[in-house]
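Source file: start22.txt; contents: compact mmCIF, C-alpha atoms.
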```
# COMPACT_ATOMS: atom_id res chain seq x y z
CA GLN A 20 -31.80 51.22 51.59
CA SER A 21 -32.46 53.16 54.76
CA GLY A 22 -32.23 56.73 55.95
CA GLY A 23 -32.90 59.94 54.12
CA ALA A 24 -36.17 60.80 52.46
CA ARG A 25 -37.61 57.29 52.74
CA SER A 26 -37.17 57.24 56.50
CA PHE A 27 -38.66 60.72 56.77
CA TRP A 28 -41.84 59.75 54.89
CA VAL A 29 -42.27 56.48 56.79
CA GLY A 30 -41.83 58.37 60.06
CA ALA A 31 -44.30 61.05 58.98
CA ARG A 32 -46.89 58.42 58.10
CA GLN A 33 -46.39 56.59 61.40
CA SER A 34 -46.64 59.81 63.41
CA LEU A 35 -49.89 60.76 61.68
CA ALA A 36 -51.36 57.32 62.30
CA ALA A 37 -50.34 57.35 65.96
CA PHE A 38 -50.85 60.95 67.00
CA ALA A 39 -53.45 62.61 64.71
CA PRO A 40 -56.47 61.50 66.77
CA GLY A 41 -54.93 62.94 69.93
CA TYR A 42 -53.98 66.17 68.20
CA LEU A 43 -57.53 66.60 66.92
CA LEU A 44 -58.94 65.97 70.39
CA LEU A 45 -56.53 68.44 71.99
CA ALA A 46 -57.14 71.14 69.37
CA GLY A 47 -60.91 70.63 69.49
CA GLY A 48 -60.99 70.68 73.27
CA TRP A 49 -58.89 73.79 73.45
CA LEU A 50 -61.00 75.61 70.83
CA ALA A 51 -64.26 74.53 72.48
CA TRP A 52 -62.96 75.89 75.78
CA ALA A 53 -61.46 79.10 74.36
CA ARG A 54 -64.37 79.95 72.05
CA PRO A 55 -67.52 78.25 73.35
CA GLY A 56 -69.75 79.69 70.61
CA ALA A 57 -67.54 78.61 67.69
CA ALA A 58 -68.45 75.40 65.90
CA LEU A 59 -64.89 74.57 64.85
CA GLY A 60 -63.95 73.25 68.28
CA LEU A 61 -66.90 70.87 68.35
CA VAL A 62 -66.21 69.76 64.78
CA LEU A 63 -62.58 68.99 65.63
CA LEU A 64 -63.66 67.15 68.77
CA ALA A 65 -66.17 65.05 66.82
CA HIS A 66 -63.59 64.22 64.16
CA GLY A 67 -61.02 63.39 66.83
CA VAL A 68 -63.43 61.01 68.58
CA ALA A 69 -64.36 59.34 65.27
CA LEU A 70 -60.75 59.01 64.14
CA LEU A 71 -59.70 57.67 67.53
CA GLY A 72 -62.46 55.07 67.40
CA VAL A 73 -61.43 53.91 63.92
CA ALA A 74 -57.75 53.91 64.87
CA LEU A 75 -58.33 51.91 68.06
CA LEU A 76 -60.38 49.39 66.11
CA CYS A 77 -57.67 49.02 63.45
CA TRP A 78 -54.83 48.77 65.99
CA SER A 79 -56.79 46.21 68.01
CA VAL A 80 -57.49 44.05 64.96
CA LEU A 81 -53.82 44.28 63.96
CA ALA A 82 -52.66 43.25 67.44
CA ALA A 83 -55.08 40.32 67.54
CA ARG A 84 -54.72 38.98 64.01
CA ARG A 85 -51.12 39.70 63.09
CA TYR A 86 -49.39 39.39 66.45
CA ARG A 87 -51.89 37.12 68.27
CA LEU A 88 -52.11 39.48 71.22
CA ALA A 89 -55.13 40.57 73.19
CA PRO A 90 -56.90 43.33 71.23
CA TRP A 91 -56.44 45.91 74.01
CA TRP A 92 -52.68 45.91 73.26
CA GLY A 93 -53.53 47.87 70.13
CA ALA A 94 -54.38 50.86 72.32
CA LEU A 95 -50.67 51.11 73.20
CA PHE A 96 -49.67 51.80 69.58
CA PRO A 97 -49.21 55.58 70.13
CA LEU A 98 -47.05 54.95 73.20
CA GLY A 99 -44.88 52.46 71.32
CA THR A 100 -44.52 54.90 68.44
CA ALA A 101 -43.45 57.69 70.80
CA ILE A 102 -40.87 55.40 72.41
CA TYR A 103 -39.58 54.36 68.98
CA PHE A 104 -39.21 57.99 67.88
CA GLY A 105 -37.38 58.78 71.10
CA LEU A 106 -34.93 55.92 70.63
CA ALA A 107 -34.39 56.73 66.95
CA GLY A 108 -33.80 60.40 67.80
CA TRP A 109 -31.34 59.45 70.54
CA GLY A 110 -29.44 57.21 68.11
CA LEU A 111 -29.39 59.91 65.45
CA LEU A 112 -28.10 62.45 67.96
CA ARG A 113 -25.31 60.08 69.04
CA LEU A 114 -24.36 59.51 65.40
CA ARG A 115 -24.28 63.25 64.68
CA LEU A 116 -22.10 63.86 67.76
CA GLY A 117 -19.64 61.23 66.56
CA ARG A 118 -20.25 58.83 69.46
CA GLY A 119 -21.87 56.12 67.38
CA VAL A 120 -24.40 53.51 68.34
CA THR A 121 -23.54 50.04 69.64
CA TRP A 122 -25.83 47.17 68.66
CA LYS A 123 -25.10 43.49 69.28
CA GLY A 124 -21.45 44.17 69.97
CA ARG A 125 -20.94 46.27 66.83
CA THR A 126 -20.47 50.03 66.84
CA PHE A 127 -21.92 52.05 63.98
CA ARG A 128 -20.49 55.51 63.40
```
Go through the file and emit its structure as C-alpha cells.
Amino acid sequence: QSGGARSFWVGARQSLAAFAPGYLLLAGGWLAWARPGAALGLVLLAHGVALLGVALLCWSVLAARRYRLAPWWGALFPLGTAIYFGLAGWGLLRLRLGRGVTWKGRTFR
C-alpha cells in the first residue's frame, strides 16, 4: 500500500535524516552571528557539526557496503533526497491537476 499517512511518515523521516544536520548548522550560524554572546548559537553549531559527522559516516558506510560505491558518494545523500522530493512533488502536482503521470508507457491518473 502506498500514499497517505505512510508516505508522509517515510518522507518526514527521510527529510530529517537528510536535512537536519544542515538546518542545525544554518540555525546555529545565524544565531551565533545575530547574538554573539548567546550560547545557543554555539550549541546548535556544535550539534550540527556532530550530527553531520555521524550522518556522513553512516551514509558513506551505506554507499560502500550496500551499493558497493566509493564512500564519498554517501555525501550526496541530501542532494539525492532533495531531487527525489522535487520529482515526487511534481508528480503529485500533475496528478492533482488531472494531467497524470506517464511511466514506462502507462499513464496514471
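Using all atoms listed in the file, the nearest neighbour of A:Gly93 within the list A:Leu111, A:Leu71, A:Ala39, A:Leu64 is A:Leu71.
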Legend entry - Separation of atom CA of A:Leu44 from atom CA of A:Ala107, in Å and rounded to one decimal: 26.5 Å
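With distances taken over all atoms listed in the file, A:Gly67 is the one residue among A:Phe27, A:Gly124, A:Gly67, A:Trp109 lying closest to A:Pro40.
Distance annotation: of A:Ala46, A:Leu114, A:Ala94, A:Leu63, the residue with the minimal separation from A:Leu76 is A:Ala94; atom set is all atoms listed in the file.
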Legend entry - Gap from atom CA of A:Gly47 to atom CA of A:Ala65 - Å, one decimal: 8.1 Å
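Closest approach to A:Ala74 among A:Gly41, A:Gly105, A:Gly30, A:Gly48 is made by A:Gly41 (distances from all atoms listed in the file).
Computed from the coordinates, the atom CA of A:Ser34 to atom CA of A:Val80 distance equals 19.2 Å.
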Legend entry - Residue among A:Trp78, A:Arg118, A:Val73, A:Ala31 lying closest to A:Gly99, counting all atoms listed in the file: A:Trp78
Mind checking which residues fall within 12 Å of A:Leu95, counting only C-alpha atoms, ignoring those fewer than 6 positions away in the same chain, and posting them as a CSV table (one decimal) with C-alpha atoms, keeping the file's coordinate frame?
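Output below, filename out-v8.csv:
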```csv
chain,number,residue,atom,x,y,z
A,37,ALA,CA,-50.3,57.4,66.0
A,38,PHE,CA,-50.8,61.0,67.0
A,74,ALA,CA,-57.8,53.9,64.9
A,75,LEU,CA,-58.3,51.9,68.1
A,78,TRP,CA,-54.8,48.8,66.0
A,79,SER,CA,-56.8,46.2,68.0
A,81,LEU,CA,-53.8,44.3,64.0
A,82,ALA,CA,-52.7,43.2,67.4
A,88,LEU,CA,-52.1,39.5,71.2
A,89,ALA,CA,-55.1,40.6,73.2
A,101,ALA,CA,-43.4,57.7,70.8
A,102,ILE,CA,-40.9,55.4,72.4
```
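Among the candidate residues A:Cys77, A:Leu59, A:Ala69, A:Leu50, the one lying nearest to A:Phe96 is A:Cys77, with distances computed using all atoms listed in the file.
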